[in-house]
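A.B. asks: Quick one: the structure is below, and I'll ask about it shortly.
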Amino acid sequence: MIRITKIFTFETAHVLYNYDGKCKNMHGHSYKLFVTVKGKPINDMENPKNGMVVDFGDIKSIVKSEIVDVWDHAVLVNALSPHKELGDDLEQKGHKVIYCSFQPTCENMLYAIAAKIKSRLPEGISLAYLKLHETENSYGEWFAEDNQ
């Protein structure tokens, strides 16, 4: 097995319902997402992807369409909380709002990212690891072996 990683960046705001710290206010982050997949390199001289686990461009396409293009410059709001009204108000004023069924913390965002990526991976390729930096010094990690 070989693991390969592609890194993505996106700007997203979130609002945390009932949080007791200064981050209870709506705020944004420059997120940095590390996506690691694993598989066996293709061993077929006739295949244009010979020697690759998967084309980095294919990973880019999946992550951009499922995460980056959707979440970039949006605000994540827990639709199951009273913040739904805030999201509705922002949306009516022309802002890009993503309604989640969870508190939009880095940790829960990782679960959502994992589910979205796993559903799009080619056969024989599996998601091994995710790391999501909220700031340069603060990040969460998702490991496949912890989430079987």
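Just so we're on the same page: first chain in the structure tokens is A, next is B, and so on; residues restart at 1 for each chain, and ligands are numbered from 1 in the order they show up.
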Looking only at the backbone, which of the residues in stretch 16-123 of chain A does DSSP tag as strand (DSSP E or B), as a PDB file with all heavy atoms, in the first residue's frame?

C.D. replies:
ATOM      1  N   HIS A  27     -17.058  34.002  13.084  1.00  0.00           N
ATOM      2  CA  HIS A  27     -15.684  34.329  12.693  1.00  0.00           C
ATOM      3  C   HIS A  27     -15.249  33.351  11.607  1.00  0.00           C
ATOM      4  O   HIS A  27     -15.890  32.329  11.374  1.00  0.00           O
ATOM      5  CB  HIS A  27     -14.737  34.253  13.899  1.00  0.00           C
ATOM      6  CG  HIS A  27     -14.646  32.894  14.511  1.00  0.00           C
ATOM      7  ND1 HIS A  27     -15.658  32.344  15.274  1.00  0.00           N
ATOM      8  CD2 HIS A  27     -13.678  31.954  14.441  1.00  0.00           C
ATOM      9  CE1 HIS A  27     -15.314  31.138  15.666  1.00  0.00           C
ATOM     10  NE2 HIS A  27     -14.115  30.861  15.165  1.00  0.00           N
ATOM     11  N   GLY A  28     -14.155  33.674  10.946  1.00  0.00           N
ATOM     12  CA  GLY A  28     -13.686  32.840   9.852  1.00  0.00           C
ATOM     13  C   GLY A  28     -12.264  32.363  10.050  1.00  0.00           C
ATOM     14  O   GLY A  28     -11.542  32.857  10.926  1.00  0.00           O
ATOM     15  N   HIS A  29     -11.905  31.385   9.229  1.00  0.00           N
ATOM     16  CA  HIS A  29     -10.559  30.816   9.272  1.00  0.00           C
ATOM     17  C   HIS A  29     -10.056  30.605   7.852  1.00  0.00           C
ATOM     18  O   HIS A  29     -10.842  30.405   6.924  1.00  0.00           O
ATOM     19  CB  HIS A  29     -10.566  29.452   9.970  1.00  0.00           C
ATOM     20  CG  HIS A  29     -10.973  29.500  11.395  1.00  0.00           C
ATOM     21  ND1 HIS A  29     -10.143  29.929  12.405  1.00  0.00           N
ATOM     22  CD2 HIS A  29     -12.151  29.175  11.994  1.00  0.00           C
ATOM     23  CE1 HIS A  29     -10.779  29.855  13.563  1.00  0.00           C
ATOM     24  NE2 HIS A  29     -12.002  29.409  13.344  1.00  0.00           N
ATOM     25  N   SER A  30      -8.754  30.597   7.715  1.00  0.00           N
ATOM     26  CA  SER A  30      -8.103  30.146   6.492  1.00  0.00           C
ATOM     27  C   SER A  30      -7.755  28.680   6.731  1.00  0.00           C
ATOM     28  O   SER A  30      -6.730  28.363   7.318  1.00  0.00           O
ATOM     29  CB  SER A  30      -6.831  30.956   6.224  1.00  0.00           C
ATOM     30  OG  SER A  30      -7.157  32.299   5.962  1.00  0.00           O
ATOM     31  N   TYR A  31      -8.659  27.804   6.333  1.00  0.00           N
ATOM     32  CA  TYR A  31      -8.485  26.375   6.573  1.00  0.00           C
ATOM     33  C   TYR A  31      -7.454  25.782   5.627  1.00  0.00           C
ATOM     34  O   TYR A  31      -7.344  26.189   4.475  1.00  0.00           O
ATOM     35  CB  TYR A  31      -9.810  25.635   6.385  1.00  0.00           C
ATOM     36  CG  TYR A  31     -10.798  25.862   7.493  1.00  0.00           C
ATOM     37  CD1 TYR A  31     -11.790  26.833   7.368  1.00  0.00           C
ATOM     38  CD2 TYR A  31     -10.757  25.117   8.661  1.00  0.00           C
ATOM     39  CE1 TYR A  31     -12.716  27.042   8.378  1.00  0.00           C
ATOM     40  CE2 TYR A  31     -11.677  25.314   9.680  1.00  0.00           C
ATOM     41  CZ  TYR A  31     -12.652  26.286   9.532  1.00  0.00           C
ATOM     42  OH  TYR A  31     -13.570  26.492  10.531  1.00  0.00           O
ATOM     43  N   LYS A  32      -6.713  24.803   6.139  1.00  0.00           N
ATOM     44  CA  LYS A  32      -5.765  24.040   5.328  1.00  0.00           C
ATOM     45  C   LYS A  32      -6.108  22.568   5.543  1.00  0.00           C
ATOM     46  O   LYS A  32      -6.064  22.089   6.677  1.00  0.00           O
ATOM     47  CB  LYS A  32      -4.332  24.336   5.749  1.00  0.00           C
ATOM     48  CG  LYS A  32      -3.280  23.746   4.850  1.00  0.00           C
ATOM     49  CD  LYS A  32      -1.907  24.252   5.264  1.00  0.00           C
ATOM     50  CE  LYS A  32      -0.917  24.106   4.148  1.00  0.00           C
ATOM     51  NZ  LYS A  32       0.382  24.671   4.520  1.00  0.00           N
ATOM     52  N   LEU A  33      -6.482  21.887   4.467  1.00  0.00           N
ATOM     53  CA  LEU A  33      -6.942  20.510   4.526  1.00  0.00           C
ATOM     54  C   LEU A  33      -5.943  19.581   3.843  1.00  0.00           C
ATOM     55  O   LEU A  33      -5.606  19.778   2.681  1.00  0.00           O
ATOM     56  CB  LEU A  33      -8.309  20.401   3.835  1.00  0.00           C
ATOM     57  CG  LEU A  33      -8.899  19.005   3.683  1.00  0.00           C
ATOM     58  CD1 LEU A  33      -9.191  18.371   5.039  1.00  0.00           C
ATOM     59  CD2 LEU A  33     -10.164  19.064   2.825  1.00  0.00           C
ATOM     60  N   PHE A  34      -5.488  18.575   4.575  1.00  0.00           N
ATOM     61  CA  PHE A  34      -4.606  17.541   4.059  1.00  0.00           C
ATOM     62  C   PHE A  34      -5.458  16.295   3.822  1.00  0.00           C
ATOM     63  O   PHE A  34      -6.117  15.815   4.756  1.00  0.00           O
ATOM     64  CB  PHE A  34      -3.498  17.204   5.059  1.00  0.00           C
ATOM     65  CG  PHE A  34      -2.541  18.324   5.331  1.00  0.00           C
ATOM     66  CD1 PHE A  34      -2.934  19.445   6.048  1.00  0.00           C
ATOM     67  CD2 PHE A  34      -1.232  18.260   4.872  1.00  0.00           C
ATOM     68  CE1 PHE A  34      -2.048  20.480   6.307  1.00  0.00           C
ATOM     69  CE2 PHE A  34      -0.336  19.288   5.134  1.00  0.00           C
ATOM     70  CZ  PHE A  34      -0.746  20.404   5.845  1.00  0.00           C
ATOM     71  N   VAL A  35      -5.450  15.777   2.610  1.00  0.00           N
ATOM     72  CA  VAL A  35      -6.235  14.599   2.259  1.00  0.00           C
ATOM     73  C   VAL A  35      -5.272  13.499   1.829  1.00  0.00           C
ATOM     74  O   VAL A  35      -4.548  13.656   0.849  1.00  0.00           O
ATOM     75  CB  VAL A  35      -7.230  14.905   1.116  1.00  0.00           C
ATOM     76  CG1 VAL A  35      -7.982  13.645   0.705  1.00  0.00           C
ATOM     77  CG2 VAL A  35      -8.196  16.016   1.522  1.00  0.00           C
ATOM     78  N   THR A  36      -5.283  12.396   2.579  1.00  0.00           N
ATOM     79  CA  THR A  36      -4.408  11.265   2.279  1.00  0.00           C
ATOM     80  C   THR A  36      -5.259  10.052   1.916  1.00  0.00           C
ATOM     81  O   THR A  36      -6.153   9.669   2.677  1.00  0.00           O
ATOM     82  CB  THR A  36      -3.512  10.928   3.486  1.00  0.00           C
ATOM     83  OG1 THR A  36      -2.731  12.073   3.820  1.00  0.00           O
ATOM     84  CG2 THR A  36      -2.589   9.756   3.183  1.00  0.00           C
ATOM     85  N   VAL A  37      -4.974   9.485   0.756  1.00  0.00           N
ATOM     86  CA  VAL A  37      -5.648   8.267   0.324  1.00  0.00           C
ATOM     87  C   VAL A  37      -4.596   7.170   0.183  1.00  0.00           C
ATOM     88  O   VAL A  37      -3.395   7.446   0.105  1.00  0.00           O
ATOM     89  CB  VAL A  37      -6.412   8.464  -1.006  1.00  0.00           C
ATOM     90  CG1 VAL A  37      -7.502   9.515  -0.844  1.00  0.00           C
ATOM     91  CG2 VAL A  37      -5.472   8.815  -2.144  1.00  0.00           C
ATOM     92  N   LYS A  38      -5.079   5.924   0.165  1.00  0.00           N
ATOM     93  CA  LYS A  38      -4.126   4.825   0.005  1.00  0.00           C
ATOM     94  C   LYS A  38      -4.654   3.804  -0.984  1.00  0.00           C
ATOM     95  O   LYS A  38      -5.867   3.664  -1.183  1.00  0.00           O
ATOM     96  CB  LYS A  38      -3.800   4.178   1.342  1.00  0.00           C
ATOM     97  CG  LYS A  38      -4.923   3.406   1.977  1.00  0.00           C
ATOM     98  CD  LYS A  38      -4.453   2.787   3.281  1.00  0.00           C
ATOM     99  CE  LYS A  38      -5.579   1.977   3.905  1.00  0.00           C
ATOM    100  NZ  LYS A  38      -5.149   1.327   5.127  1.00  0.00           N
ATOM    101  N   GLY A  39      -3.712   3.105  -1.576  1.00  0.00           N
ATOM    102  CA  GLY A  39      -4.032   2.056  -2.531  1.00  0.00           C
ATOM    103  C   GLY A  39      -2.741   1.498  -3.101  1.00  0.00           C
ATOM    104  O   GLY A  39      -1.647   1.890  -2.698  1.00  0.00           O
ATOM    105  N   ALA A  74     -18.023  30.835   2.526  1.00  0.00           N
ATOM    106  CA  ALA A  74     -19.382  30.620   3.034  1.00  0.00           C
ATOM    107  C   ALA A  74     -19.323  30.673   4.554  1.00  0.00           C
ATOM    108  O   ALA A  74     -18.246  30.690   5.148  1.00  0.00           O
ATOM    109  CB  ALA A  74     -19.910  29.267   2.574  1.00  0.00           C
ATOM    110  N   VAL A  75     -20.495  30.690   5.166  1.00  0.00           N
ATOM    111  CA  VAL A  75     -20.579  30.575   6.619  1.00  0.00           C
ATOM    112  C   VAL A  75     -21.331  29.285   6.929  1.00  0.00           C
ATOM    113  O   VAL A  75     -22.377  29.007   6.347  1.00  0.00           O
ATOM    114  CB  VAL A  75     -21.241  31.809   7.278  1.00  0.00           C
ATOM    115  CG1 VAL A  75     -22.646  32.043   6.786  1.00  0.00           C
ATOM    116  CG2 VAL A  75     -21.228  31.688   8.794  1.00  0.00           C
ATOM    117  N   LEU A  76     -20.738  28.469   7.805  1.00  0.00           N
ATOM    118  CA  LEU A  76     -21.363  27.222   8.227  1.00  0.00           C
ATOM    119  C   LEU A  76     -22.215  27.485   9.465  1.00  0.00           C
ATOM    120  O   LEU A  76     -21.739  28.066  10.440  1.00  0.00           O
ATOM    121  CB  LEU A  76     -20.306  26.168   8.559  1.00  0.00           C
ATOM    122  CG  LEU A  76     -19.392  25.736   7.421  1.00  0.00           C
ATOM    123  CD1 LEU A  76     -18.363  24.728   7.914  1.00  0.00           C
ATOM    124  CD2 LEU A  76     -20.176  25.156   6.279  1.00  0.00           C
ATOM    125  N   VAL A  77     -23.467  27.052   9.403  1.00  0.00           N
ATOM    126  CA  VAL A  77     -24.436  27.283  10.477  1.00  0.00           C
ATOM    127  C   VAL A  77     -25.092  25.950  10.832  1.00  0.00           C
ATOM    128  O   VAL A  77     -25.487  25.195   9.939  1.00  0.00           O
ATOM    129  CB  VAL A  77     -25.519  28.291  10.023  1.00  0.00           C
ATOM    130  CG1 VAL A  77     -26.633  28.412  11.038  1.00  0.00           C
ATOM    131  CG2 VAL A  77     -24.898  29.650   9.736  1.00  0.00           C
ATOM    132  N   ASN A  78     -25.229  25.690  12.120  1.00  0.00           N
ATOM    133  CA  ASN A  78     -25.939  24.500  12.581  1.00  0.00           C
ATOM    134  C   ASN A  78     -27.433  24.734  12.391  1.00  0.00           C
ATOM    135  O   ASN A  78     -28.053  25.493  13.124  1.00  0.00           O
ATOM    136  CB  ASN A  78     -25.606  24.223  14.045  1.00  0.00           C
ATOM    137  CG  ASN A  78     -26.257  22.971  14.578  1.00  0.00           C
ATOM    138  OD1 ASN A  78     -27.162  22.415  13.958  1.00  0.00           O
ATOM    139  ND2 ASN A  78     -25.789  22.522  15.730  1.00  0.00           N
ATOM    140  N   VAL A  97     -24.550  30.703   2.684  1.00  0.00           N
ATOM    141  CA  VAL A  97     -24.719  29.990   3.952  1.00  0.00           C
ATOM    142  C   VAL A  97     -24.805  28.498   3.663  1.00  0.00           C
ATOM    143  O   VAL A  97     -25.522  28.068   2.761  1.00  0.00           O
ATOM    144  CB  VAL A  97     -26.002  30.452   4.681  1.00  0.00           C
ATOM    145  CG1 VAL A  97     -26.212  29.661   5.964  1.00  0.00           C
ATOM    146  CG2 VAL A  97     -25.936  31.947   4.976  1.00  0.00           C
ATOM    147  N   ILE A  98     -24.066  27.720   4.431  1.00  0.00           N
ATOM    148  CA  ILE A  98     -24.137  26.265   4.364  1.00  0.00           C
ATOM    149  C   ILE A  98     -24.757  25.797   5.674  1.00  0.00           C
ATOM    150  O   ILE A  98     -24.219  26.050   6.755  1.00  0.00           O
ATOM    151  CB  ILE A  98     -22.739  25.627   4.198  1.00  0.00           C
ATOM    152  CG1 ILE A  98     -22.016  26.194   2.981  1.00  0.00           C
ATOM    153  CG2 ILE A  98     -22.849  24.106   4.157  1.00  0.00           C
ATOM    154  CD1 ILE A  98     -22.688  25.944   1.657  1.00  0.00           C
ATOM    155  N   TYR A  99     -25.910  25.159   5.571  1.00  0.00           N
ATOM    156  CA  TYR A  99     -26.590  24.638   6.754  1.00  0.00           C
ATOM    157  C   TYR A  99     -26.109  23.221   7.028  1.00  0.00           C
ATOM    158  O   TYR A  99     -26.133  22.369   6.148  1.00  0.00           O
ATOM    159  CB  TYR A  99     -28.103  24.654   6.551  1.00  0.00           C
ATOM    160  CG  TYR A  99     -28.671  26.040   6.434  1.00  0.00           C
ATOM    161  CD1 TYR A  99     -28.970  26.583   5.187  1.00  0.00           C
ATOM    162  CD2 TYR A  99     -28.895  26.821   7.562  1.00  0.00           C
ATOM    163  CE1 TYR A  99     -29.484  27.869   5.069  1.00  0.00           C
ATOM    164  CE2 TYR A  99     -29.408  28.111   7.453  1.00  0.00           C
ATOM    165  CZ  TYR A  99     -29.697  28.620   6.204  1.00  0.00           C
ATOM    166  OH  TYR A  99     -30.202  29.895   6.095  1.00  0.00           O
ATOM    167  N   CYS A 100     -25.642  22.991   8.240  1.00  0.00           N
ATOM    168  CA  CYS A 100     -25.161  21.670   8.644  1.00  0.00           C
ATOM    169  C   CYS A 100     -26.130  21.080   9.662  1.00  0.00           C
ATOM    170  O   CYS A 100     -26.869  21.805  10.313  1.00  0.00           O
ATOM    171  CB  CYS A 100     -23.811  21.733   9.332  1.00  0.00           C
ATOM    172  SG  CYS A 100     -22.717  23.042   8.943  1.00  0.00           S
TER     173      CYS A 100
END

A.B. asks: Out of chain A, which residues get helix (DSSP H, G or I) from DSSP, as number ranges by chain?

C.D. replies: A: 22-24, 56-71, 83-92, 106-118, 144-146

A.B. asks: Please list as a PyMOL selection string every residue within 12 Å of A:Ser119, counting only C-alpha atoms and excluding residues in the same chain fewer than 6 positions away.

C.D. replies: chain A and resi 62-63+66+112-113+125-127

A.B. asks: To one decimal place in Å, what is the distance between atom CA of A:Leu86 and atom CA of A:Leu132?

C.D. replies: 25.6 Å

A.B. asks: Excluding stretch 81-84 of chain A and residues on its chain fewer than 4 positions from it, collect all residues at most 9 Å away from it, counting only C-alpha atoms, and give them as a ChimeraX atom specification.

C.D. replies: /A:15-17,77,88-89,99,101-103

A.B. asks: Would you mind exporting the chosen residues as a short mmCIF file (atom, residue, chain, number, x, y, z; two decimals), in the first residue's frame, restricted to all heavy atoms?

C.D. replies:
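Printed below is result-v3.cif as written:
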data_model
loop_
_atom_site.label_atom_id
_atom_site.label_comp_id
_atom_site.auth_asym_id
_atom_site.auth_seq_id
_atom_site.Cartn_x
_atom_site.Cartn_y
_atom_site.Cartn_z
N VAL A 15 -20.26 29.78 12.92
CA VAL A 15 -20.82 30.34 14.15
C VAL A 15 -21.19 29.14 15.02
O VAL A 15 -21.83 28.19 14.57
CB VAL A 15 -22.01 31.29 13.86
CG1 VAL A 15 -23.10 30.61 13.08
CG2 VAL A 15 -22.54 31.90 15.13
N LEU A 16 -20.70 29.16 16.26
CA LEU A 16 -20.87 28.02 17.17
C LEU A 16 -21.95 28.34 18.20
O LEU A 16 -21.77 29.23 19.04
CB LEU A 16 -19.54 27.71 17.87
CG LEU A 16 -18.36 27.42 16.94
CD1 LEU A 16 -17.09 27.23 17.74
CD2 LEU A 16 -18.65 26.21 16.07
N TYR A 17 -23.04 27.62 18.12
CA TYR A 17 -24.16 27.85 19.04
C TYR A 17 -23.80 27.43 20.46
O TYR A 17 -23.25 26.36 20.69
CB TYR A 17 -25.41 27.09 18.57
CG TYR A 17 -26.55 27.26 19.53
CD1 TYR A 17 -27.20 28.49 19.62
CD2 TYR A 17 -26.94 26.24 20.37
CE1 TYR A 17 -28.22 28.68 20.53
CE2 TYR A 17 -27.97 26.42 21.28
CZ TYR A 17 -28.61 27.64 21.35
OH TYR A 17 -29.62 27.84 22.26
N VAL A 77 -23.47 27.05 9.40
CA VAL A 77 -24.44 27.28 10.48
C VAL A 77 -25.09 25.95 10.83
O VAL A 77 -25.49 25.19 9.94
CB VAL A 77 -25.52 28.29 10.02
CG1 VAL A 77 -26.63 28.41 11.04
CG2 VAL A 77 -24.90 29.65 9.74
N ASP A 88 -30.69 32.18 7.94
CA ASP A 88 -31.74 32.62 7.02
C ASP A 88 -31.61 34.12 6.74
O ASP A 88 -31.75 34.56 5.59
CB ASP A 88 -33.13 32.33 7.60
CG ASP A 88 -33.44 30.84 7.67
OD1 ASP A 88 -32.76 30.04 6.99
OD2 ASP A 88 -34.37 30.48 8.43
N ASP A 89 -31.34 34.89 7.78
CA ASP A 89 -31.18 36.34 7.62
C ASP A 89 -29.98 36.66 6.73
O ASP A 89 -30.07 37.50 5.83
CB ASP A 89 -31.05 37.01 8.99
CG ASP A 89 -31.06 38.52 8.90
OD1 ASP A 89 -31.98 39.08 8.26
OD2 ASP A 89 -30.14 39.16 9.47
N TYR A 99 -25.91 25.16 5.57
CA TYR A 99 -26.59 24.64 6.75
C TYR A 99 -26.11 23.22 7.03
O TYR A 99 -26.13 22.37 6.15
CB TYR A 99 -28.10 24.65 6.55
CG TYR A 99 -28.67 26.04 6.43
CD1 TYR A 99 -28.97 26.58 5.19
CD2 TYR A 99 -28.90 26.82 7.56
CE1 TYR A 99 -29.48 27.87 5.07
CE2 TYR A 99 -29.41 28.11 7.45
CZ TYR A 99 -29.70 28.62 6.20
OH TYR A 99 -30.20 29.90 6.09
N SER A 101 -26.04 19.78 9.84
CA SER A 101 -26.84 19.11 10.86
C SER A 101 -25.99 18.85 12.11
O SER A 101 -26.27 17.94 12.88
CB SER A 101 -27.38 17.79 10.31
OG SER A 101 -26.30 16.96 9.94
N PHE A 102 -24.93 19.67 12.27
CA PHE A 102 -24.00 19.49 13.38
C PHE A 102 -23.43 20.85 13.78
O PHE A 102 -23.50 21.81 13.02
CB PHE A 102 -22.86 18.54 12.99
CG PHE A 102 -22.14 18.92 11.71
CD1 PHE A 102 -21.11 19.84 11.71
CD2 PHE A 102 -22.51 18.35 10.50
CE1 PHE A 102 -20.44 20.19 10.54
CE2 PHE A 102 -21.86 18.69 9.32
CZ PHE A 102 -20.82 19.61 9.35
N GLN A 103 -22.85 20.91 14.97
CA GLN A 103 -22.10 22.09 15.41
C GLN A 103 -20.87 22.19 14.51
O GLN A 103 -20.08 21.24 14.45
CB GLN A 103 -21.71 21.92 16.89
CG GLN A 103 -20.93 23.06 17.48
CD GLN A 103 -21.78 24.20 17.97
OE1 GLN A 103 -22.70 24.63 17.28
NE2 GLN A 103 -21.49 24.70 19.15
#

A.B. asks: Could you check the closest approach to A:Ser65 for each of A:Ile117, A:Ile2, A:Ala79, A:Leu130 and tell me which residue wins, using only C-alpha atoms?

C.D. replies: A:Ile117

A.B. asks: From the options A:Ile59, A:Lys96, A:Lys24, A:Glu11, which residue's atoms come nearest to A:Lys118, counting only C-alpha atoms?

C.D. replies: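 Smallest separation from A:Lys118 among the options: A:Ile59.
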
A.B. asks: A:Tyr19, A:Trp71, A:Tyr111, A:Tyr129: which is nearest A:Ile4, counting only C-alpha atoms?

C.D. replies: A:Tyr129
